[in-house]
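> Pasting upload.cif below, which is mmCIF, C-alpha atoms and all ligand atoms.
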```cif
data_model
loop_
_atom_site.label_atom_id
_atom_site.label_comp_id
_atom_site.auth_asym_id
_atom_site.auth_seq_id
_atom_site.Cartn_x
_atom_site.Cartn_y
_atom_site.Cartn_z
CA MET A 1 29.55 105.70 -8.00
CA ARG A 2 30.80 109.06 -9.20
CA GLU A 3 34.24 108.92 -10.85
CA PRO A 4 36.90 111.23 -9.46
CA VAL A 5 38.45 113.96 -11.59
CA TYR A 6 42.24 113.76 -11.93
CA TYR A 7 44.83 116.43 -12.61
CA SER A 8 46.63 115.82 -15.90
CA GLY A 9 49.08 118.73 -16.22
CA SER A 10 52.83 118.63 -15.91
CA ALA A 11 53.40 120.19 -12.46
CA GLN A 12 55.11 118.31 -9.64
CA PHE A 13 53.57 118.22 -6.15
CA PHE A 14 54.55 117.38 -2.56
CA ASP A 15 51.62 116.14 -0.46
CA THR A 16 53.03 117.01 2.95
CA HIS A 17 50.32 115.17 4.91
CA ALA A 18 48.49 111.98 3.84
CA HIS A 19 47.36 109.09 6.05
CA ILE A 20 47.64 106.50 3.29
CA TYR A 21 47.51 103.64 5.81
CA ASP A 22 43.97 104.55 6.90
CA ARG A 23 41.53 101.62 7.06
CA ARG A 24 39.09 103.53 4.86
CA PHE A 25 41.30 102.70 1.89
CA GLU A 26 40.90 98.98 2.56
CA THR A 27 37.12 99.26 2.69
CA CYS A 28 37.29 100.96 -0.72
CA ASN A 29 39.49 98.17 -2.05
CA THR A 30 42.30 100.60 -2.67
CA ASN A 31 45.80 99.29 -2.07
CA THR A 32 48.96 101.29 -1.59
CA GLU A 33 50.32 100.50 -5.06
CA ASP A 34 47.12 101.92 -6.62
CA ILE A 35 47.41 105.09 -4.54
CA LEU A 36 51.04 105.56 -5.57
CA GLN A 37 50.30 104.80 -9.20
CA ARG A 38 47.69 107.59 -9.21
CA CYS A 39 50.22 109.86 -7.48
CA ARG A 40 52.66 109.33 -10.34
CA ALA A 41 49.94 109.95 -12.94
CA SER A 42 49.01 113.24 -11.22
CA GLY A 43 52.55 114.52 -10.65
CA VAL A 44 52.71 113.84 -6.91
CA THR A 45 56.31 112.75 -6.42
CA SER A 46 56.71 113.21 -2.64
CA VAL A 47 54.37 112.30 0.22
CA LEU A 48 54.80 112.47 3.99
CA ILE A 49 52.79 109.91 5.95
CA PRO A 50 51.88 111.37 9.37
CA ALA A 51 51.13 109.36 12.49
CA ASP A 52 48.62 109.96 15.28
CA SER A 53 49.42 107.23 17.82
CA GLU A 54 52.16 104.77 18.71
CA GLU A 55 50.43 102.19 16.52
CA THR A 56 50.17 104.43 13.44
CA SER A 57 53.73 105.67 14.04
CA ARG A 58 54.91 102.10 13.54
CA ILE A 59 52.72 101.72 10.45
CA ALA A 60 53.75 105.06 8.92
CA VAL A 61 57.44 104.28 9.34
CA GLU A 62 57.02 100.76 7.97
CA MET A 63 55.10 102.02 4.92
CA ALA A 64 57.48 104.88 4.17
CA ASN A 65 60.37 102.42 4.10
CA LYS A 66 58.60 99.57 2.33
CA TYR A 67 57.07 101.62 -0.50
CA ASP A 68 59.64 104.37 -0.90
CA GLY A 69 60.39 104.85 -4.59
CA CYS A 70 57.43 102.73 -5.71
CA GLU A 71 55.98 104.37 -8.86
CA GLY A 72 58.71 106.99 -8.49
CA VAL A 73 57.14 108.47 -5.33
CA THR A 74 59.45 109.43 -2.47
CA LEU A 75 57.93 108.72 0.93
CA TYR A 76 58.63 110.06 4.40
CA ALA A 77 57.01 109.42 7.78
CA SER A 78 56.37 111.14 11.06
CA VAL A 79 55.92 109.68 14.52
CA GLY A 80 53.90 111.17 17.35
CA VAL A 81 50.76 111.13 19.47
CA HIS A 82 47.70 113.16 18.41
CA PRO A 83 45.67 115.00 21.08
CA HIS A 84 42.84 112.49 20.58
CA GLU A 85 45.24 109.77 21.73
CA ALA A 86 46.90 111.80 24.48
CA LYS A 87 45.30 109.57 27.12
CA THR A 88 47.34 106.62 25.78
CA TYR A 89 50.68 108.43 26.20
CA THR A 90 52.92 106.75 28.80
CA ASP A 91 56.62 106.71 29.66
CA ASP A 92 56.86 103.67 27.38
CA THR A 93 55.35 105.67 24.51
CA GLU A 94 58.00 108.29 25.06
CA LYS A 95 60.70 105.64 25.10
CA TYR A 96 59.38 104.36 21.79
CA LEU A 97 59.33 107.87 20.28
CA ARG A 98 62.89 108.45 21.46
CA SER A 99 64.08 105.25 19.83
CA CYS A 100 62.47 106.39 16.56
CA LEU A 101 63.96 109.86 16.80
CA GLU A 102 67.42 108.46 17.46
CA SER A 103 67.33 106.57 14.17
CA ARG A 104 65.21 109.14 12.30
CA LYS A 105 67.60 109.57 9.37
CA GLU A 106 67.80 105.86 8.55
CA GLN A 107 64.07 105.38 9.04
CA LYS A 108 62.91 108.29 6.85
CA ILE A 109 61.27 109.99 9.85
CA ARG A 110 61.14 113.71 9.08
CA ALA A 111 58.73 115.16 11.67
CA LEU A 112 57.16 114.68 15.09
CA GLY A 113 53.40 114.67 14.82
CA GLU A 114 50.56 115.04 14.75
CA ILE A 115 50.78 116.71 18.14
CA GLY A 116 48.74 119.54 19.64
CA LEU A 117 45.32 120.23 21.13
CA ASP A 118 41.79 119.34 20.01
CA TYR A 119 38.99 120.80 22.14
CA TYR A 120 36.40 120.13 19.45
CA TYR A 121 36.20 116.39 20.00
CA ASP A 122 37.74 116.39 23.51
CA LEU A 123 38.68 112.71 23.17
CA SER A 124 41.33 113.10 25.87
CA GLU A 125 41.04 115.28 28.95
CA ARG A 126 42.25 118.80 28.18
CA SER A 127 44.89 118.90 30.92
CA VAL A 128 46.26 115.59 29.61
CA GLN A 129 46.32 116.98 26.07
CA ARG A 130 48.31 120.02 27.20
CA ASP A 131 50.77 117.89 29.15
CA VAL A 132 51.36 115.43 26.27
CA PHE A 133 51.69 118.29 23.78
CA ALA A 134 54.35 119.96 25.95
CA ARG A 135 56.23 116.68 26.48
CA GLN A 136 56.42 116.10 22.73
CA LEU A 137 57.45 119.71 22.10
CA GLU A 138 60.40 119.04 24.44
CA LEU A 139 61.29 115.98 22.37
CA ALA A 140 61.09 117.93 19.11
CA TYR A 141 63.51 120.52 20.48
CA GLU A 142 65.84 117.92 21.93
CA TYR A 143 66.02 115.97 18.63
CA ASP A 144 65.91 119.09 16.43
CA ILE A 145 62.98 117.91 14.33
CA PRO A 146 59.93 119.88 13.04
CA ILE A 147 56.50 119.23 14.50
CA ILE A 148 53.19 118.69 12.72
CA LEU A 149 50.76 120.76 14.74
CA HIS A 150 47.10 119.74 15.01
CA GLU A 151 44.95 122.42 16.60
CA ARG A 152 41.18 122.58 16.64
CA ASP A 153 39.08 124.90 18.79
CA ALA A 154 42.03 125.30 21.14
CA THR A 155 43.93 128.24 19.66
CA GLY A 156 44.29 130.16 22.93
CA ASP A 157 45.85 127.34 24.94
CA CYS A 158 47.88 126.15 21.98
CA LEU A 159 49.44 129.57 21.45
CA ASP A 160 50.07 129.93 25.20
CA ILE A 161 52.14 126.74 25.23
CA LEU A 162 54.00 127.64 22.03
CA ARG A 163 54.71 131.18 23.29
CA ARG A 164 56.22 129.74 26.47
CA PHE A 165 58.56 127.49 24.46
CA TYR A 166 59.36 130.34 22.08
CA ARG A 167 60.24 132.74 24.93
CA GLU A 168 62.44 130.14 26.57
CA GLY A 169 64.28 129.56 23.27
CA ARG A 170 63.07 125.98 23.09
CA LEU A 171 61.40 126.14 19.66
CA ARG A 172 63.47 125.44 16.54
CA GLY A 173 63.95 128.26 14.00
CA VAL A 174 61.46 126.32 11.91
CA PRO A 175 59.25 124.82 14.62
CA GLY A 176 57.13 122.92 12.09
CA VAL A 177 53.84 123.18 10.26
CA CYS A 178 50.37 124.19 11.40
CA HIS A 179 48.63 121.39 9.55
CA CYS A 180 45.15 121.86 8.07
CA CYS A 181 45.15 125.42 9.30
CA SER A 182 41.72 126.39 10.64
CA CYS A 183 42.71 129.17 13.02
CA SER A 184 42.05 132.89 12.64
CA LEU A 185 44.09 135.24 10.49
CA GLU A 186 45.53 136.77 13.64
CA ALA A 187 46.61 133.42 15.10
CA SER A 188 48.11 132.30 11.79
CA GLN A 189 50.17 135.50 11.67
CA GLU A 190 51.53 134.79 15.15
CA LEU A 191 52.46 131.23 14.14
CA ILE A 192 54.24 132.58 11.06
CA LYS A 193 56.19 135.00 13.28
CA MET A 194 57.31 132.04 15.40
CA GLY A 195 58.63 130.42 12.21
CA PHE A 196 55.82 128.00 11.38
CA TYR A 197 54.74 126.91 7.93
CA ILE A 198 51.00 126.87 7.27
CA GLY A 199 49.45 123.78 5.67
CA PHE A 200 46.43 124.11 3.38
CA ASP A 201 44.19 121.31 2.19
CA GLY A 202 40.66 120.50 1.01
CA PRO A 203 38.79 123.16 3.04
CA LEU A 204 40.61 125.83 1.02
CA THR A 205 38.51 124.70 -1.96
CA PHE A 206 35.14 124.59 -0.12
CA LYS A 207 32.76 127.24 -1.40
CA ASN A 208 31.37 128.19 2.02
CA ASN A 209 34.82 128.66 3.54
CA LYS A 210 35.74 132.36 3.62
CA LYS A 211 38.28 132.26 6.44
CA THR A 212 40.92 129.90 5.01
CA PRO A 213 41.34 131.73 1.66
CA GLU A 214 41.86 134.91 3.69
CA VAL A 215 44.58 133.19 5.74
CA ALA A 216 46.20 131.86 2.54
CA LEU A 217 46.15 135.29 0.94
CA ASN A 218 47.99 136.72 3.94
CA THR A 219 50.53 133.93 4.33
CA PRO A 220 53.85 134.71 2.64
CA TRP A 221 54.81 132.31 -0.14
CA ASP A 222 57.85 131.02 1.69
CA ARG A 223 55.64 129.63 4.49
CA ILE A 224 53.01 127.74 2.53
CA VAL A 225 52.78 123.98 2.08
CA ILE A 226 49.95 121.93 0.59
CA GLU A 227 48.52 118.66 1.84
CA THR A 228 45.49 116.40 1.47
CA ASP A 229 45.04 114.90 4.97
CA SER A 230 43.87 111.80 3.05
CA PRO A 231 41.52 110.01 3.32
CA TYR A 232 39.39 112.90 4.65
CA LEU A 233 38.72 116.50 3.58
CA THR A 234 38.63 115.76 -0.15
CA PRO A 235 39.01 118.96 -2.18
CA GLU A 236 36.55 120.11 -4.81
CA PRO A 237 35.71 118.89 -7.43
CA ASN A 238 35.98 115.47 -5.73
CA ARG A 239 34.37 116.41 -2.42
CA GLY A 240 32.34 113.45 -1.11
CA LEU A 241 34.73 110.86 -2.54
CA ILE A 242 37.64 109.29 -0.68
CA ASN A 243 40.69 111.57 -0.60
CA GLU A 244 44.03 110.49 -2.03
CA PRO A 245 47.36 112.34 -2.36
CA CYS A 246 46.79 112.69 -6.13
CA HIS A 247 44.04 115.23 -5.32
CA VAL A 248 46.55 117.67 -3.78
CA ALA A 249 46.69 119.24 -7.26
CA PHE A 250 43.25 120.74 -6.67
CA VAL A 251 44.38 122.36 -3.42
CA CYS A 252 47.32 123.79 -5.34
CA ALA A 253 45.04 125.05 -8.14
CA ARG A 254 42.84 126.89 -5.62
CA LEU A 255 45.88 128.33 -3.87
CA ALA A 256 47.20 129.56 -7.22
CA GLU A 257 43.84 131.18 -7.95
CA ILE A 258 43.76 132.97 -4.57
CA LYS A 259 47.34 134.19 -4.93
CA GLY A 260 47.03 135.10 -8.61
CA VAL A 261 49.78 132.85 -9.98
CA THR A 262 49.79 129.79 -12.25
CA ILE A 263 49.37 126.30 -10.84
CA ASP A 264 52.88 125.46 -12.07
CA GLU A 265 54.34 128.33 -10.07
CA ALA A 266 52.36 127.43 -6.96
CA ALA A 267 53.36 123.77 -7.32
CA GLN A 268 57.05 124.60 -7.62
CA ILE A 269 57.08 126.93 -4.61
CA THR A 270 55.11 124.59 -2.35
CA TYR A 271 57.23 121.64 -3.47
CA ASP A 272 60.42 123.44 -2.48
CA ASN A 273 58.80 124.59 0.79
CA GLY A 274 57.84 121.01 1.65
CA LYS A 275 61.44 119.95 1.19
CA LYS A 276 62.73 122.81 3.35
CA LEU A 277 60.15 122.17 6.08
CA TYR A 278 61.05 118.49 6.37
CA GLY A 279 64.75 118.99 5.66
CA VAL A 280 64.96 116.73 2.61
CA ASN A 281 66.72 117.20 -0.73
ZN ZN A 301 46.12 114.33 9.67
#
```
As structure tokens, how would this structure be written, given the file I've shared?

Amino acid sequence: MREPVYYSGSAQFFDTHAHIYDRRFETCNTNTEDILQRCRASGVTSVLIPADSEETSRIAVEMANKYDGCEGVTLYASVGVHPHEAKTYTDDTEKYLRSCLESRKEQKIRALGEIGLDYYYDLSERSVQRDVFARQLELAYEYDIPIILHERDATGDCLDILRRFYREGRLRGVPGVCHCCSCSLEASQELIKMGFYIGFDGPLTFKNNKKTPEVALNTPWDRIVIETDSPYLTPEPNRGLINEPCHVAFVCARLAEIKGVTIDEAAQITYDNGKKLYGVN
């Protein structure tokens, strides 16, 4: 098998989105300690582990607490129900999310997500997706916590719902992050106006992708965070291999190239932005 390339410079990175509990890691015989060891070697000192269901919320929180500080990597978690899983959302799910959000500080929970709409896969009925998205937006406002927004092929409806919350004053000043941004330049600009951060990952490095570099170029520095979305969307030059947080350096390198700064500068800014987004020191 092809060996991955690793970053070996001195910059420090915050991978703001990595599903390091994913079963794909087990099938590759990669354990969490190995992943964190490679994080340390590549300068990744903070990672947020996002959830997509009640089950992965439990796992993300457990992992963030169990492995926090291992290999010098600070871990955080999110809890929430992804649009794919919207059909599983019940009053009990909401009760569970509330219990997490009430003890969010002690449990290292720093965001509510992934939440949003996905009309590409349509794994839950669209009306159910919209309803569950809105219910979790209410929770985010009530508990004053940023969201991790997942949106695919549903920009119109997604913006409609967000605009309604924004108009009614029920979005935080920093509502959250548009993770793995794949929307148009126009839509990204509207999200930025509402206060969102924009998250960039592997697709920014893909040669055939013209849209995302354009969005990155037009996103102000103070709204950019970087992420891997591990284990998927591996950036170049490791595309085709399993994705790990240590590869976030290549997303940062591409971002630096697009914006005309050094990787060290881009790393520092996005690191500080990650901390501001998730309210950590
Ligand atoms: Zn994700």
> Name all residues at most 7 Å from stretch 43-59 of chain A (count all atoms listed in the file; drop same-chain ones fewer than 3 positions away) and give them as a PyMOL selection string.
chain A and resi 10-20+39-40+62-63+72-82+85+93+113-114+246
> Only C-alpha atoms, please: the residues just picked out, written as a PDB file, in the coordinates of the input.

```pdb
ATOM      1  CA  SER A  10      52.830 118.630 -15.910  1.00  0.00           C
ATOM      2  CA  ALA A  11      53.400 120.190 -12.460  1.00  0.00           C
ATOM      3  CA  GLN A  12      55.110 118.310  -9.640  1.00  0.00           C
ATOM      4  CA  PHE A  13      53.570 118.220  -6.150  1.00  0.00           C
ATOM      5  CA  PHE A  14      54.550 117.380  -2.560  1.00  0.00           C
ATOM      6  CA  ASP A  15      51.620 116.140  -0.460  1.00  0.00           C
ATOM      7  CA  THR A  16      53.030 117.010   2.950  1.00  0.00           C
ATOM      8  CA  HIS A  17      50.320 115.170   4.910  1.00  0.00           C
ATOM      9  CA  ALA A  18      48.490 111.980   3.840  1.00  0.00           C
ATOM     10  CA  HIS A  19      47.360 109.090   6.050  1.00  0.00           C
ATOM     11  CA  ILE A  20      47.640 106.500   3.290  1.00  0.00           C
ATOM     12  CA  CYS A  39      50.220 109.860  -7.480  1.00  0.00           C
ATOM     13  CA  ARG A  40      52.660 109.330 -10.340  1.00  0.00           C
ATOM     14  CA  GLU A  62      57.020 100.760   7.970  1.00  0.00           C
ATOM     15  CA  MET A  63      55.100 102.020   4.920  1.00  0.00           C
ATOM     16  CA  GLY A  72      58.710 106.990  -8.490  1.00  0.00           C
ATOM     17  CA  VAL A  73      57.140 108.470  -5.330  1.00  0.00           C
ATOM     18  CA  THR A  74      59.450 109.430  -2.470  1.00  0.00           C
ATOM     19  CA  LEU A  75      57.930 108.720   0.930  1.00  0.00           C
ATOM     20  CA  TYR A  76      58.630 110.060   4.400  1.00  0.00           C
ATOM     21  CA  ALA A  77      57.010 109.420   7.780  1.00  0.00           C
ATOM     22  CA  SER A  78      56.370 111.140  11.060  1.00  0.00           C
ATOM     23  CA  VAL A  79      55.920 109.680  14.520  1.00  0.00           C
ATOM     24  CA  GLY A  80      53.900 111.170  17.350  1.00  0.00           C
ATOM     25  CA  VAL A  81      50.760 111.130  19.470  1.00  0.00           C
ATOM     26  CA  HIS A  82      47.700 113.160  18.410  1.00  0.00           C
ATOM     27  CA  GLU A  85      45.240 109.770  21.730  1.00  0.00           C
ATOM     28  CA  THR A  93      55.350 105.670  24.510  1.00  0.00           C
ATOM     29  CA  GLY A 113      53.400 114.670  14.820  1.00  0.00           C
ATOM     30  CA  GLU A 114      50.560 115.040  14.750  1.00  0.00           C
ATOM     31  CA  CYS A 246      46.790 112.690  -6.130  1.00  0.00           C
TER      32      CYS A 246
END
```
> Between A:Ser188, A:Thr205, A:Thr212, A:Gln136, single out the one closest to A:Glu257, counting all atoms listed in the file.
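Once distances to A:Glu257 are computed over all atoms listed in the file, the minimum belongs to A:Thr205.
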> So how far away is atom CA of A:Ser184 from atom CA of A:Val128, in Å?
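Separation between atom CA of A:Val128 and atom CA of A:Ser184: 24.6 Å.
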> Restricting the calculation to only C-alpha atoms: of A:Tyr141, A:Ile147, A:Ile109, A:Cys181, which residue gets closest to A:Gly169?
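Looking only at the distances to A:Gly169, the closest residue turns out to be A:Tyr141.
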> Mind checking which residues fall within 9 Å of A:Val251, counting all atoms listed in the file, ignoring those fewer than 6 positions away in the same chain, and posting them as a list in words?
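Close residues of A:Val251: Phe200, Asp201, Gly202, Pro203, Leu204, Thr205, Ile226, Glu227, Thr228, Pro235 and Glu236 of chain A.
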